[in-house]
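Notes for the one structure printed next.
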Amino acid sequence: MKGEFELIDAIRERFRAPQGTLGIGDDCAVIPRGDGLVTLVSCDLLVEDVHFRLPQIPASELGWKSAAVNISDVAAMGGTPTAMFLGLSIPEGMDEGWFDSFFDGFKACSERFGTALLGGDTTASQGGLGISVTVLGQCPEGQEIRRDGARPGDLICVTGTLGDSAAGLRLLEEGLQLPQDASLINKHFHPVPRISDGLALRGIASSMMDISDGVASDLRHILKASEAGATVDVSALPLSVELRNCCSRNGWDPVGIALEGGEDYELLFTVGPEKEKDLRVPHTVIGRIDAEKHLEWRGAGRDFLGFRHSI
Ligand code: ADP
Ligand code: MG
């Protein structure tokens, strides 16, 4: 079997979206409603031992994260989330108290972003726990921010800091976390979707997505969709003090973690130079879009690939 992205490309070839609808290939599908708004839809799956380890993540944090990573895809389009649906595939022997905590976390995220849970499906599992969330959102027609709008000369920007979540995961996996790493672990367990930033970027950002697989992988999606290249200045990457300290203590490369780690759930967006003065969202400029279809990591001396699921 090929990789995740090759399979998605093959599915996309077979199932063309109807005229006027944006189908496979962006953070959300975009479906016109006929009243000047579009419906945004995204669906994400979290699978035990692929996306999380049950003994590692508190149930309430897994509940929060399951909702948050989906709502983040609506943020990535500049939309407002409106509703969620939850599918659970549950192995034998799971405890009811665990689900109480899971739903506390899920509800906290749902309430924080005004995104009600309106349905779902529940089945038994012969394997691990599976969690599927579908999120709906909305946006005025034509204002959704897609991956294909980056143009040569546009600045490449990110919100927040990069790599904290991936470092948090590595600390957990290797059993190395110290009290001073709490913010890294928290970023891994408790990502906060950038809904208000996404809204503020409507009419400003030329392209956007959320960072789920790491900038090295995710920027390539923007470049492919926009038929462009990019130069990224590795020295400009926003790295938190906690990440730097953790990396120097453990002998890890912070740049590799920031670019390849993933699960930041920050926004990666581009903005035309003429719009830069209107940019109110706190951000860091990490590079520039080029006409030539290449990807240069200036100052790094090596390539970065980012996370991808092999299937
Ligand atoms: P994201 O990380 O933003 O959730 P993904 O990398 O999971 O995006 O998916 C990329 C695109 O491929 C999305 O438009 C998604 O809807 C689509 N996609 C992924 N898996 C499938 C599938 N099994 N069938 C149809 N579309 C899919
Ligand atoms: Mg996404």
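For the structure tokens, the naming scheme is as follows: chains receive sequential letters (A, B, ...) according to their order of presentation, residues are indexed from 1 within each chain, and ligands are indexed from 1 in presentation order.
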Per-residue DSSP, region 9-239 of chain A, filtered to strand (DSSP E), as a PyMOL selection string: chain A and resi 29-32+37-47+80-91+116-125+130-140+155-158+205-210+229-233
Store the residues picked out above, limited to C-alpha atoms, as a PDB file, in the first residue's frame.
```
ATOM      1  CA  ALA A  29     -15.439  20.560   2.192  1.00  0.00           C
ATOM      2  CA  VAL A  30     -17.290  23.727   1.168  1.00  0.00           C
ATOM      3  CA  ILE A  31     -20.964  23.297   0.203  1.00  0.00           C
ATOM      4  CA  PRO A  32     -23.013  26.319  -0.937  1.00  0.00           C
ATOM      5  CA  LEU A  37     -23.461  31.175   3.271  1.00  0.00           C
ATOM      6  CA  VAL A  38     -21.527  27.956   2.766  1.00  0.00           C
ATOM      7  CA  THR A  39     -21.533  24.879   4.987  1.00  0.00           C
ATOM      8  CA  LEU A  40     -18.071  23.643   5.988  1.00  0.00           C
ATOM      9  CA  VAL A  41     -17.628  19.947   6.829  1.00  0.00           C
ATOM     10  CA  SER A  42     -14.637  18.001   8.105  1.00  0.00           C
ATOM     11  CA  CYS A  43     -14.217  14.528   9.538  1.00  0.00           C
ATOM     12  CA  ASP A  44     -11.258  13.220  11.562  1.00  0.00           C
ATOM     13  CA  LEU A  45     -10.494   9.883  13.113  1.00  0.00           C
ATOM     14  CA  LEU A  46      -8.489   9.240  16.283  1.00  0.00           C
ATOM     15  CA  VAL A  47      -7.395   5.636  16.698  1.00  0.00           C
ATOM     16  CA  THR A  80     -17.472  29.417  12.564  1.00  0.00           C
ATOM     17  CA  PRO A  81     -18.081  25.891  13.887  1.00  0.00           C
ATOM     18  CA  THR A  82     -21.757  25.049  14.406  1.00  0.00           C
ATOM     19  CA  ALA A  83     -22.231  21.341  15.231  1.00  0.00           C
ATOM     20  CA  MET A  84     -20.446  18.044  15.782  1.00  0.00           C
ATOM     21  CA  PHE A  85     -21.245  14.352  15.355  1.00  0.00           C
ATOM     22  CA  LEU A  86     -19.335  11.693  17.298  1.00  0.00           C
ATOM     23  CA  GLY A  87     -18.689   8.080  16.303  1.00  0.00           C
ATOM     24  CA  LEU A  88     -17.312   5.721  18.940  1.00  0.00           C
ATOM     25  CA  SER A  89     -16.012   2.216  18.386  1.00  0.00           C
ATOM     26  CA  ILE A  90     -15.529   0.769  21.871  1.00  0.00           C
ATOM     27  CA  PRO A  91     -13.497  -2.286  22.927  1.00  0.00           C
ATOM     28  CA  ALA A 116     -23.146  21.413  19.952  1.00  0.00           C
ATOM     29  CA  LEU A 117     -22.930  17.635  19.694  1.00  0.00           C
ATOM     30  CA  LEU A 118     -26.000  16.707  17.606  1.00  0.00           C
ATOM     31  CA  GLY A 119     -25.543  13.011  16.883  1.00  0.00           C
ATOM     32  CA  GLY A 120     -23.171  10.177  16.127  1.00  0.00           C
ATOM     33  CA  ASP A 121     -22.907   6.399  16.206  1.00  0.00           C
ATOM     34  CA  THR A 122     -21.709   3.808  18.727  1.00  0.00           C
ATOM     35  CA  THR A 123     -20.456   0.298  18.044  1.00  0.00           C
ATOM     36  CA  ALA A 124     -18.305  -2.398  19.629  1.00  0.00           C
ATOM     37  CA  SER A 125     -14.669  -2.765  18.567  1.00  0.00           C
ATOM     38  CA  GLY A 130     -11.796   4.502  17.721  1.00  0.00           C
ATOM     39  CA  ILE A 131     -13.140   8.057  17.838  1.00  0.00           C
ATOM     40  CA  SER A 132     -14.543   9.737  14.737  1.00  0.00           C
ATOM     41  CA  VAL A 133     -15.694  13.334  14.861  1.00  0.00           C
ATOM     42  CA  THR A 134     -17.463  15.208  12.090  1.00  0.00           C
ATOM     43  CA  VAL A 135     -17.690  18.956  12.479  1.00  0.00           C
ATOM     44  CA  LEU A 136     -19.921  21.365  10.594  1.00  0.00           C
ATOM     45  CA  GLY A 137     -19.271  25.065  10.268  1.00  0.00           C
ATOM     46  CA  GLN A 138     -20.301  28.039   8.206  1.00  0.00           C
ATOM     47  CA  CYS A 139     -18.871  31.040   6.460  1.00  0.00           C
ATOM     48  CA  PRO A 140     -20.118  33.726   4.052  1.00  0.00           C
ATOM     49  CA  LEU A 155       4.527  36.028   3.206  1.00  0.00           C
ATOM     50  CA  ILE A 156       4.246  32.656   4.940  1.00  0.00           C
ATOM     51  CA  CYS A 157       3.033  33.065   8.526  1.00  0.00           C
ATOM     52  CA  VAL A 158       2.171  30.910  11.527  1.00  0.00           C
ATOM     53  CA  ALA A 205      -4.963  35.572   4.206  1.00  0.00           C
ATOM     54  CA  SER A 206      -4.568  34.342   0.622  1.00  0.00           C
ATOM     55  CA  SER A 207      -4.367  30.686   1.704  1.00  0.00           C
ATOM     56  CA  MET A 208      -4.582  28.860   5.002  1.00  0.00           C
ATOM     57  CA  MET A 209      -4.603  25.459   6.724  1.00  0.00           C
ATOM     58  CA  ASP A 210      -4.104  24.204  10.237  1.00  0.00           C
ATOM     59  CA  GLY A 229       7.281  27.075  -4.231  1.00  0.00           C
ATOM     60  CA  ALA A 230       8.640  28.600  -1.033  1.00  0.00           C
ATOM     61  CA  THR A 231      11.695  29.659   0.892  1.00  0.00           C
ATOM     62  CA  VAL A 232      11.447  29.196   4.656  1.00  0.00           C
ATOM     63  CA  ASP A 233      13.903  30.945   6.967  1.00  0.00           C
TER      64      ASP A 233
END
```
Surroundings of ligand 1 up to 9 Å, based on only C-alpha atoms and all ligand atoms, as a ChimeraX atom specification: /A:4-5,7-9,11-12,15,22-29,41-45,69-70,72-73,76,209-213,218,221,308
Which residues in region 79-259 of chain A does DSSP call helix (DSSP H, G or I)? List them as an mmCIF file with N, CA, C and O atoms, in the first residue's frame.
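Produced file selection26.cif, reproduced below:
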```cif
data_model
loop_
_atom_site.group_PDB
_atom_site.id
_atom_site.type_symbol
_atom_site.label_atom_id
_atom_site.label_comp_id
_atom_site.auth_asym_id
_atom_site.auth_seq_id
_atom_site.Cartn_x
_atom_site.Cartn_y
_atom_site.Cartn_z
ATOM 1 N N GLU A 96 -17.093 2.821 32.700
ATOM 2 C CA GLU A 96 -18.049 3.919 32.530
ATOM 3 C C GLU A 96 -17.501 5.259 33.012
ATOM 4 O O GLU A 96 -17.751 6.300 32.427
ATOM 5 N N GLY A 97 -16.758 5.203 34.120
ATOM 6 C CA GLY A 97 -16.158 6.422 34.685
ATOM 7 C C GLY A 97 -15.222 7.073 33.680
ATOM 8 O O GLY A 97 -15.135 8.308 33.590
ATOM 9 N N TRP A 98 -14.554 6.241 32.893
ATOM 10 C CA TRP A 98 -13.643 6.770 31.870
ATOM 11 C C TRP A 98 -14.442 7.621 30.870
ATOM 12 O O TRP A 98 -14.039 8.720 30.514
ATOM 13 N N PHE A 99 -15.610 7.100 30.470
ATOM 14 C CA PHE A 99 -16.426 7.851 29.502
ATOM 15 C C PHE A 99 -17.000 9.126 30.112
ATOM 16 O O PHE A 99 -17.127 10.137 29.416
ATOM 17 N N ASP A 100 -17.328 9.090 31.429
ATOM 18 C CA ASP A 100 -17.783 10.327 32.086
ATOM 19 C C ASP A 100 -16.745 11.425 31.894
ATOM 20 O O ASP A 100 -17.066 12.554 31.521
ATOM 21 N N SER A 101 -15.503 11.071 32.170
ATOM 22 C CA SER A 101 -14.431 12.073 32.040
ATOM 23 C C SER A 101 -14.230 12.467 30.578
ATOM 24 O O SER A 101 -14.029 13.643 30.262
ATOM 25 N N PHE A 102 -14.274 11.484 29.680
ATOM 26 C CA PHE A 102 -14.126 11.772 28.245
ATOM 27 C C PHE A 102 -15.169 12.810 27.808
ATOM 28 O O PHE A 102 -14.853 13.807 27.152
ATOM 29 N N PHE A 103 -16.433 12.585 28.228
ATOM 30 C CA PHE A 103 -17.496 13.509 27.799
ATOM 31 C C PHE A 103 -17.386 14.858 28.496
ATOM 32 O O PHE A 103 -17.781 15.871 27.925
ATOM 33 N N ASP A 104 -16.844 14.893 29.720
ATOM 34 C CA ASP A 104 -16.589 16.200 30.366
ATOM 35 C C ASP A 104 -15.650 17.032 29.487
ATOM 36 O O ASP A 104 -15.887 18.221 29.245
ATOM 37 N N GLY A 105 -14.575 16.410 29.028
ATOM 38 C CA GLY A 105 -13.596 17.127 28.193
ATOM 39 C C GLY A 105 -14.194 17.516 26.854
ATOM 40 O O GLY A 105 -14.009 18.639 26.367
ATOM 41 N N PHE A 106 -14.924 16.580 26.238
ATOM 42 C CA PHE A 106 -15.543 16.850 24.929
ATOM 43 C C PHE A 106 -16.518 18.024 25.055
ATOM 44 O O PHE A 106 -16.524 18.945 24.238
ATOM 45 N N LYS A 107 -17.308 17.992 26.145
ATOM 46 C CA LYS A 107 -18.315 19.039 26.355
ATOM 47 C C LYS A 107 -17.658 20.401 26.611
ATOM 48 O O LYS A 107 -18.139 21.432 26.129
ATOM 49 N N ALA A 108 -16.566 20.385 27.357
ATOM 50 C CA ALA A 108 -15.875 21.660 27.636
ATOM 51 C C ALA A 108 -15.454 22.316 26.326
ATOM 52 O O ALA A 108 -15.620 23.531 26.135
ATOM 53 N N CYS A 109 -14.940 21.533 25.407
ATOM 54 C CA CYS A 109 -14.494 22.086 24.117
ATOM 55 C C CYS A 109 -15.713 22.494 23.279
ATOM 56 O O CYS A 109 -15.723 23.577 22.673
ATOM 57 N N SER A 110 -16.735 21.644 23.282
ATOM 58 C CA SER A 110 -17.939 21.942 22.516
ATOM 59 C C SER A 110 -18.573 23.252 23.000
ATOM 60 O O SER A 110 -18.983 24.110 22.205
ATOM 61 N N GLU A 111 -18.615 23.445 24.332
ATOM 62 C CA GLU A 111 -19.215 24.680 24.882
ATOM 63 C C GLU A 111 -18.341 25.894 24.620
ATOM 64 O O GLU A 111 -18.818 26.975 24.303
ATOM 65 N N ARG A 112 -17.039 25.702 24.771
ATOM 66 C CA ARG A 112 -16.130 26.835 24.556
ATOM 67 C C ARG A 112 -16.282 27.414 23.152
ATOM 68 O O ARG A 112 -16.156 28.614 22.933
ATOM 69 N N ASP A 164 5.898 22.415 20.197
ATOM 70 C CA ASP A 164 5.646 22.117 21.616
ATOM 71 C C ASP A 164 4.915 20.777 21.777
ATOM 72 O O ASP A 164 5.284 19.959 22.617
ATOM 73 N N SER A 165 3.881 20.585 20.979
ATOM 74 C CA SER A 165 3.079 19.360 21.103
ATOM 75 C C SER A 165 3.925 18.125 20.797
ATOM 76 O O SER A 165 3.848 17.108 21.499
ATOM 77 N N ALA A 166 4.718 18.214 19.731
ATOM 78 C CA ALA A 166 5.539 17.053 19.341
ATOM 79 C C ALA A 166 6.585 16.747 20.413
ATOM 80 O O ALA A 166 6.865 15.576 20.701
ATOM 81 N N ALA A 167 7.149 17.793 21.013
ATOM 82 C CA ALA A 167 8.112 17.567 22.098
ATOM 83 C C ALA A 167 7.407 16.940 23.296
ATOM 84 O O ALA A 167 7.938 16.019 23.936
ATOM 85 N N GLY A 168 6.176 17.420 23.577
ATOM 86 C CA GLY A 168 5.396 16.851 24.678
ATOM 87 C C GLY A 168 5.163 15.363 24.465
ATOM 88 O O GLY A 168 5.324 14.550 25.374
ATOM 89 N N LEU A 169 4.804 15.003 23.229
ATOM 90 C CA LEU A 169 4.567 13.581 22.915
ATOM 91 C C LEU A 169 5.856 12.768 23.110
ATOM 92 O O LEU A 169 5.849 11.689 23.701
ATOM 93 N N ARG A 170 6.970 13.320 22.614
ATOM 94 C CA ARG A 170 8.240 12.579 22.722
ATOM 95 C C ARG A 170 8.637 12.381 24.184
ATOM 96 O O ARG A 170 9.127 11.322 24.574
ATOM 97 N N LEU A 171 8.401 13.413 24.994
ATOM 98 C CA LEU A 171 8.695 13.286 26.436
ATOM 99 C C LEU A 171 7.859 12.166 27.055
ATOM 100 O O LEU A 171 8.367 11.357 27.837
ATOM 101 N N LEU A 172 6.577 12.117 26.684
ATOM 102 C CA LEU A 172 5.690 11.079 27.225
ATOM 103 C C LEU A 172 6.146 9.696 26.770
ATOM 104 O O LEU A 172 6.220 8.749 27.560
ATOM 105 N N GLU A 173 6.457 9.591 25.479
ATOM 106 C CA GLU A 173 6.849 8.287 24.917
ATOM 107 C C GLU A 173 8.139 7.784 25.555
ATOM 108 O O GLU A 173 8.313 6.601 25.770
ATOM 109 N N GLU A 174 9.054 8.710 25.834
ATOM 110 C CA GLU A 174 10.351 8.302 26.368
ATOM 111 C C GLU A 174 10.396 8.394 27.897
ATOM 112 O O GLU A 174 11.439 8.128 28.503
ATOM 113 N N PRO A 179 8.737 18.607 35.642
ATOM 114 C CA PRO A 179 7.697 19.622 35.893
ATOM 115 C C PRO A 179 7.796 20.827 34.948
ATOM 116 O O PRO A 179 6.771 21.386 34.538
ATOM 117 N N GLN A 180 9.006 21.216 34.569
ATOM 118 C CA GLN A 180 9.144 22.400 33.691
ATOM 119 C C GLN A 180 8.672 22.135 32.253
ATOM 120 O O GLN A 180 8.646 23.051 31.432
ATOM 121 N N ASP A 181 8.317 20.883 31.939
ATOM 122 C CA ASP A 181 7.825 20.563 30.598
ATOM 123 C C ASP A 181 6.299 20.603 30.526
ATOM 124 O O ASP A 181 5.719 20.221 29.506
ATOM 125 N N ALA A 182 5.642 21.062 31.612
ATOM 126 C CA ALA A 182 4.173 20.978 31.676
ATOM 127 C C ALA A 182 3.491 21.646 30.480
ATOM 128 O O ALA A 182 2.492 21.135 29.957
ATOM 129 N N SER A 183 4.028 22.782 30.011
ATOM 130 C CA SER A 183 3.345 23.484 28.910
ATOM 131 C C SER A 183 3.428 22.673 27.612
ATOM 132 O O SER A 183 2.549 22.765 26.760
ATOM 133 N N LEU A 184 4.498 21.886 27.456
ATOM 134 C CA LEU A 184 4.646 21.070 26.238
ATOM 135 C C LEU A 184 3.637 19.914 26.255
ATOM 136 O O LEU A 184 2.983 19.629 25.260
ATOM 137 N N ILE A 185 3.515 19.284 27.416
ATOM 138 C CA ILE A 185 2.555 18.178 27.552
ATOM 139 C C ILE A 185 1.137 18.736 27.363
ATOM 140 O O ILE A 185 0.292 18.125 26.704
ATOM 141 N N ASN A 186 0.888 19.914 27.964
ATOM 142 C CA ASN A 186 -0.441 20.514 27.858
ATOM 143 C C ASN A 186 -0.784 20.832 26.406
ATOM 144 O O ASN A 186 -1.913 20.622 25.961
ATOM 145 N N LYS A 187 0.197 21.319 25.666
ATOM 146 C CA LYS A 187 -0.071 21.636 24.245
ATOM 147 C C LYS A 187 -0.418 20.359 23.478
ATOM 148 O O LYS A 187 -1.208 20.376 22.534
ATOM 149 N N HIS A 188 0.196 19.240 23.887
ATOM 150 C CA HIS A 188 -0.086 17.973 23.216
ATOM 151 C C HIS A 188 -1.491 17.456 23.555
ATOM 152 O O HIS A 188 -2.210 16.978 22.685
ATOM 153 N N PHE A 189 -1.870 17.559 24.822
ATOM 154 C CA PHE A 189 -3.164 17.039 25.259
ATOM 155 C C PHE A 189 -4.316 18.013 24.978
ATOM 156 O O PHE A 189 -5.458 17.592 24.848
ATOM 157 N N ILE A 195 -9.981 29.585 16.338
ATOM 158 C CA ILE A 195 -11.193 30.056 15.646
ATOM 159 C C ILE A 195 -11.184 31.580 15.469
ATOM 160 O O ILE A 195 -11.398 32.086 14.360
ATOM 161 N N SER A 196 -10.898 32.341 16.531
ATOM 162 C CA SER A 196 -10.995 33.802 16.383
ATOM 163 C C SER A 196 -9.908 34.328 15.443
ATOM 164 O O SER A 196 -10.154 35.251 14.664
ATOM 165 N N ASP A 197 -8.735 33.716 15.464
ATOM 166 C CA ASP A 197 -7.683 34.131 14.517
ATOM 167 C C ASP A 197 -8.117 33.830 13.081
ATOM 168 O O ASP A 197 -7.926 34.643 12.176
ATOM 169 N N GLY A 198 -8.702 32.649 12.885
ATOM 170 C CA GLY A 198 -9.164 32.266 11.544
ATOM 171 C C GLY A 198 -10.180 33.269 11.011
ATOM 172 O O GLY A 198 -10.108 33.703 9.860
ATOM 173 N N LEU A 199 -11.114 33.690 11.889
ATOM 174 C CA LEU A 199 -12.142 34.667 11.468
ATOM 175 C C LEU A 199 -11.492 35.997 11.104
ATOM 176 O O LEU A 199 -11.863 36.640 10.112
ATOM 177 N N ALA A 200 -10.498 36.392 11.913
ATOM 178 C CA ALA A 200 -9.840 37.686 11.679
ATOM 179 C C ALA A 200 -8.980 37.664 10.410
ATOM 180 O O ALA A 200 -8.557 38.717 9.940
ATOM 181 N N VAL A 215 4.740 21.702 9.848
ATOM 182 C CA VAL A 215 4.865 22.681 8.752
ATOM 183 C C VAL A 215 5.523 22.057 7.523
ATOM 184 O O VAL A 215 5.138 22.335 6.383
ATOM 185 N N ALA A 216 6.510 21.176 7.721
ATOM 186 C CA ALA A 216 7.234 20.610 6.577
ATOM 187 C C ALA A 216 6.278 19.851 5.663
ATOM 188 O O ALA A 216 6.406 19.910 4.438
ATOM 189 N N SER A 217 5.333 19.148 6.243
ATOM 190 C CA SER A 217 4.355 18.415 5.440
ATOM 191 C C SER A 217 3.225 19.343 4.999
ATOM 192 O O SER A 217 2.832 19.357 3.827
ATOM 193 N N ASP A 218 2.715 20.140 5.930
ATOM 194 C CA ASP A 218 1.519 20.936 5.640
ATOM 195 C C ASP A 218 1.792 22.055 4.640
ATOM 196 O O ASP A 218 0.967 22.321 3.767
ATOM 197 N N LEU A 219 2.954 22.687 4.726
ATOM 198 C CA LEU A 219 3.262 23.732 3.746
ATOM 199 C C LEU A 219 3.265 23.156 2.330
ATOM 200 O O LEU A 219 2.845 23.810 1.374
ATOM 201 N N ARG A 220 3.703 21.904 2.203
ATOM 202 C CA ARG A 220 3.702 21.265 0.876
ATOM 203 C C ARG A 220 2.285 21.169 0.304
ATOM 204 O O ARG A 220 2.098 21.231 -0.909
ATOM 205 N N HIS A 221 1.285 21.012 1.157
ATOM 206 C CA HIS A 221 -0.099 20.962 0.649
ATOM 207 C C HIS A 221 -0.503 22.311 0.072
ATOM 208 O O HIS A 221 -1.166 22.382 -0.962
ATOM 209 N N ILE A 222 -0.135 23.397 0.760
ATOM 210 C CA ILE A 222 -0.444 24.737 0.240
ATOM 211 C C ILE A 222 0.293 24.951 -1.083
ATOM 212 O O ILE A 222 -0.271 25.459 -2.056
ATOM 213 N N LEU A 223 1.557 24.534 -1.140
ATOM 214 C CA LEU A 223 2.353 24.750 -2.354
ATOM 215 C C LEU A 223 1.791 23.946 -3.524
ATOM 216 O O LEU A 223 1.703 24.435 -4.647
ATOM 217 N N LYS A 224 1.398 22.702 -3.237
ATOM 218 C CA LYS A 224 0.849 21.857 -4.299
ATOM 219 C C LYS A 224 -0.474 22.447 -4.804
ATOM 220 O O LYS A 224 -0.676 22.597 -6.010
ATOM 221 N N ALA A 225 -1.344 22.819 -3.866
ATOM 222 C CA ALA A 225 -2.652 23.356 -4.259
ATOM 223 C C ALA A 225 -2.492 24.684 -4.995
ATOM 224 O O ALA A 225 -3.254 24.995 -5.914
ATOM 225 N N SER A 226 -1.508 25.484 -4.603
ATOM 226 C CA SER A 226 -1.333 26.823 -5.181
ATOM 227 C C SER A 226 -0.358 26.823 -6.357
ATOM 228 O O SER A 226 -0.089 27.880 -6.928
ATOM 229 N N VAL A 234 14.689 29.198 8.421
ATOM 230 C CA VAL A 234 14.638 28.322 9.589
ATOM 231 C C VAL A 234 14.936 29.091 10.890
ATOM 232 O O VAL A 234 14.403 28.762 11.961
ATOM 233 N N SER A 235 15.737 30.151 10.780
ATOM 234 C CA SER A 235 16.065 30.913 11.999
ATOM 235 C C SER A 235 14.873 31.745 12.487
ATOM 236 O O SER A 235 14.885 32.257 13.609
ATOM 237 N N ALA A 236 13.844 31.880 11.638
ATOM 238 C CA ALA A 236 12.674 32.690 12.036
ATOM 239 C C ALA A 236 11.586 31.862 12.719
ATOM 240 O O ALA A 236 10.591 32.424 13.174
ATOM 241 N N VAL A 241 10.411 29.035 24.745
ATOM 242 C CA VAL A 241 11.552 28.846 25.660
ATOM 243 C C VAL A 241 11.514 27.428 26.222
ATOM 244 O O VAL A 241 12.546 26.763 26.356
ATOM 245 N N GLU A 242 10.286 26.944 26.526
ATOM 246 C CA GLU A 242 10.152 25.592 27.085
ATOM 247 C C GLU A 242 10.669 24.552 26.093
ATOM 248 O O GLU A 242 11.323 23.588 26.482
ATOM 249 N N LEU A 243 10.367 24.756 24.807
ATOM 250 C CA LEU A 243 10.843 23.803 23.789
ATOM 251 C C LEU A 243 12.369 23.848 23.701
ATOM 252 O O LEU A 243 13.036 22.816 23.674
ATOM 253 N N ARG A 244 12.904 25.055 23.669
ATOM 254 C CA ARG A 244 14.374 25.178 23.567
ATOM 255 C C ARG A 244 15.048 24.512 24.761
ATOM 256 O O ARG A 244 16.035 23.781 24.611
ATOM 257 N N ASN A 245 14.529 24.786 25.958
ATOM 258 C CA ASN A 245 15.140 24.197 27.164
ATOM 259 C C ASN A 245 15.057 22.677 27.142
ATOM 260 O O ASN A 245 16.029 21.985 27.451
ATOM 261 N N CYS A 246 13.886 22.185 26.785
ATOM 262 C CA CYS A 246 13.674 20.732 26.749
ATOM 263 C C CYS A 246 14.619 20.093 25.736
ATOM 264 O O CYS A 246 15.230 19.047 26.009
ATOM 265 N N CYS A 247 14.766 20.727 24.567
ATOM 266 C CA CYS A 247 15.625 20.159 23.525
ATOM 267 C C CYS A 247 17.083 20.195 23.948
ATOM 268 O O CYS A 247 17.827 19.242 23.707
ATOM 269 N N SER A 248 17.509 21.286 24.589
ATOM 270 C CA SER A 248 18.928 21.314 24.960
ATOM 271 C C SER A 248 19.201 20.302 26.081
ATOM 272 O O SER A 248 20.233 19.649 26.090
ATOM 273 N N ARG A 249 18.241 20.120 26.987
ATOM 274 C CA ARG A 249 18.425 19.126 28.057
ATOM 275 C C ARG A 249 18.514 17.701 27.507
ATOM 276 O O ARG A 249 19.278 16.879 27.985
ATOM 277 N N ASN A 250 17.707 17.419 26.459
ATOM 278 C CA ASN A 250 17.642 16.044 25.949
ATOM 279 C C ASN A 250 18.483 15.808 24.694
ATOM 280 O O ASN A 250 18.491 14.703 24.156
ATOM 281 N N PRO A 254 15.589 21.199 17.970
ATOM 282 C CA PRO A 254 14.301 21.899 18.049
ATOM 283 C C PRO A 254 13.713 22.213 16.670
ATOM 284 O O PRO A 254 12.486 22.212 16.496
ATOM 285 N N VAL A 255 14.583 22.472 15.686
ATOM 286 C CA VAL A 255 14.086 22.824 14.349
ATOM 287 C C VAL A 255 13.396 21.615 13.709
ATOM 288 O O VAL A 255 12.303 21.727 13.134
ATOM 289 N N GLY A 256 14.019 20.444 13.835
ATOM 290 C CA GLY A 256 13.406 19.216 13.296
ATOM 291 C C GLY A 256 12.068 18.954 13.958
ATOM 292 O O GLY A 256 11.084 18.614 13.293
ATOM 293 N N ILE A 257 12.013 19.129 15.272
ATOM 294 C CA ILE A 257 10.754 18.888 15.991
ATOM 295 C C ILE A 257 9.697 19.904 15.561
ATOM 296 O O ILE A 257 8.542 19.562 15.324
ATOM 297 N N ALA A 258 10.118 21.172 15.411
ATOM 298 C CA ALA A 258 9.153 22.223 15.035
ATOM 299 C C ALA A 258 8.596 21.982 13.634
ATOM 300 O O ALA A 258 7.415 22.218 13.384
ATOM 301 N N LEU A 259 9.437 21.516 12.710
ATOM 302 C CA LEU A 259 8.978 21.380 11.318
ATOM 303 C C LEU A 259 8.331 20.035 11.029
ATOM 304 O O LEU A 259 7.455 19.926 10.179
#
```
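Considering only C-alpha atoms and all ligand atoms, the residue among A:Glu266, A:Glu141, A:Asp49, A:Asp290 positioned nearest to ligand 2 is A:Glu266.
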Minimum-distance residue to Glu227 (chain A), chosen among A:Asp303, A:Asp95, A:Glu6, A:Glu292 (using only C-alpha atoms): A:Glu292
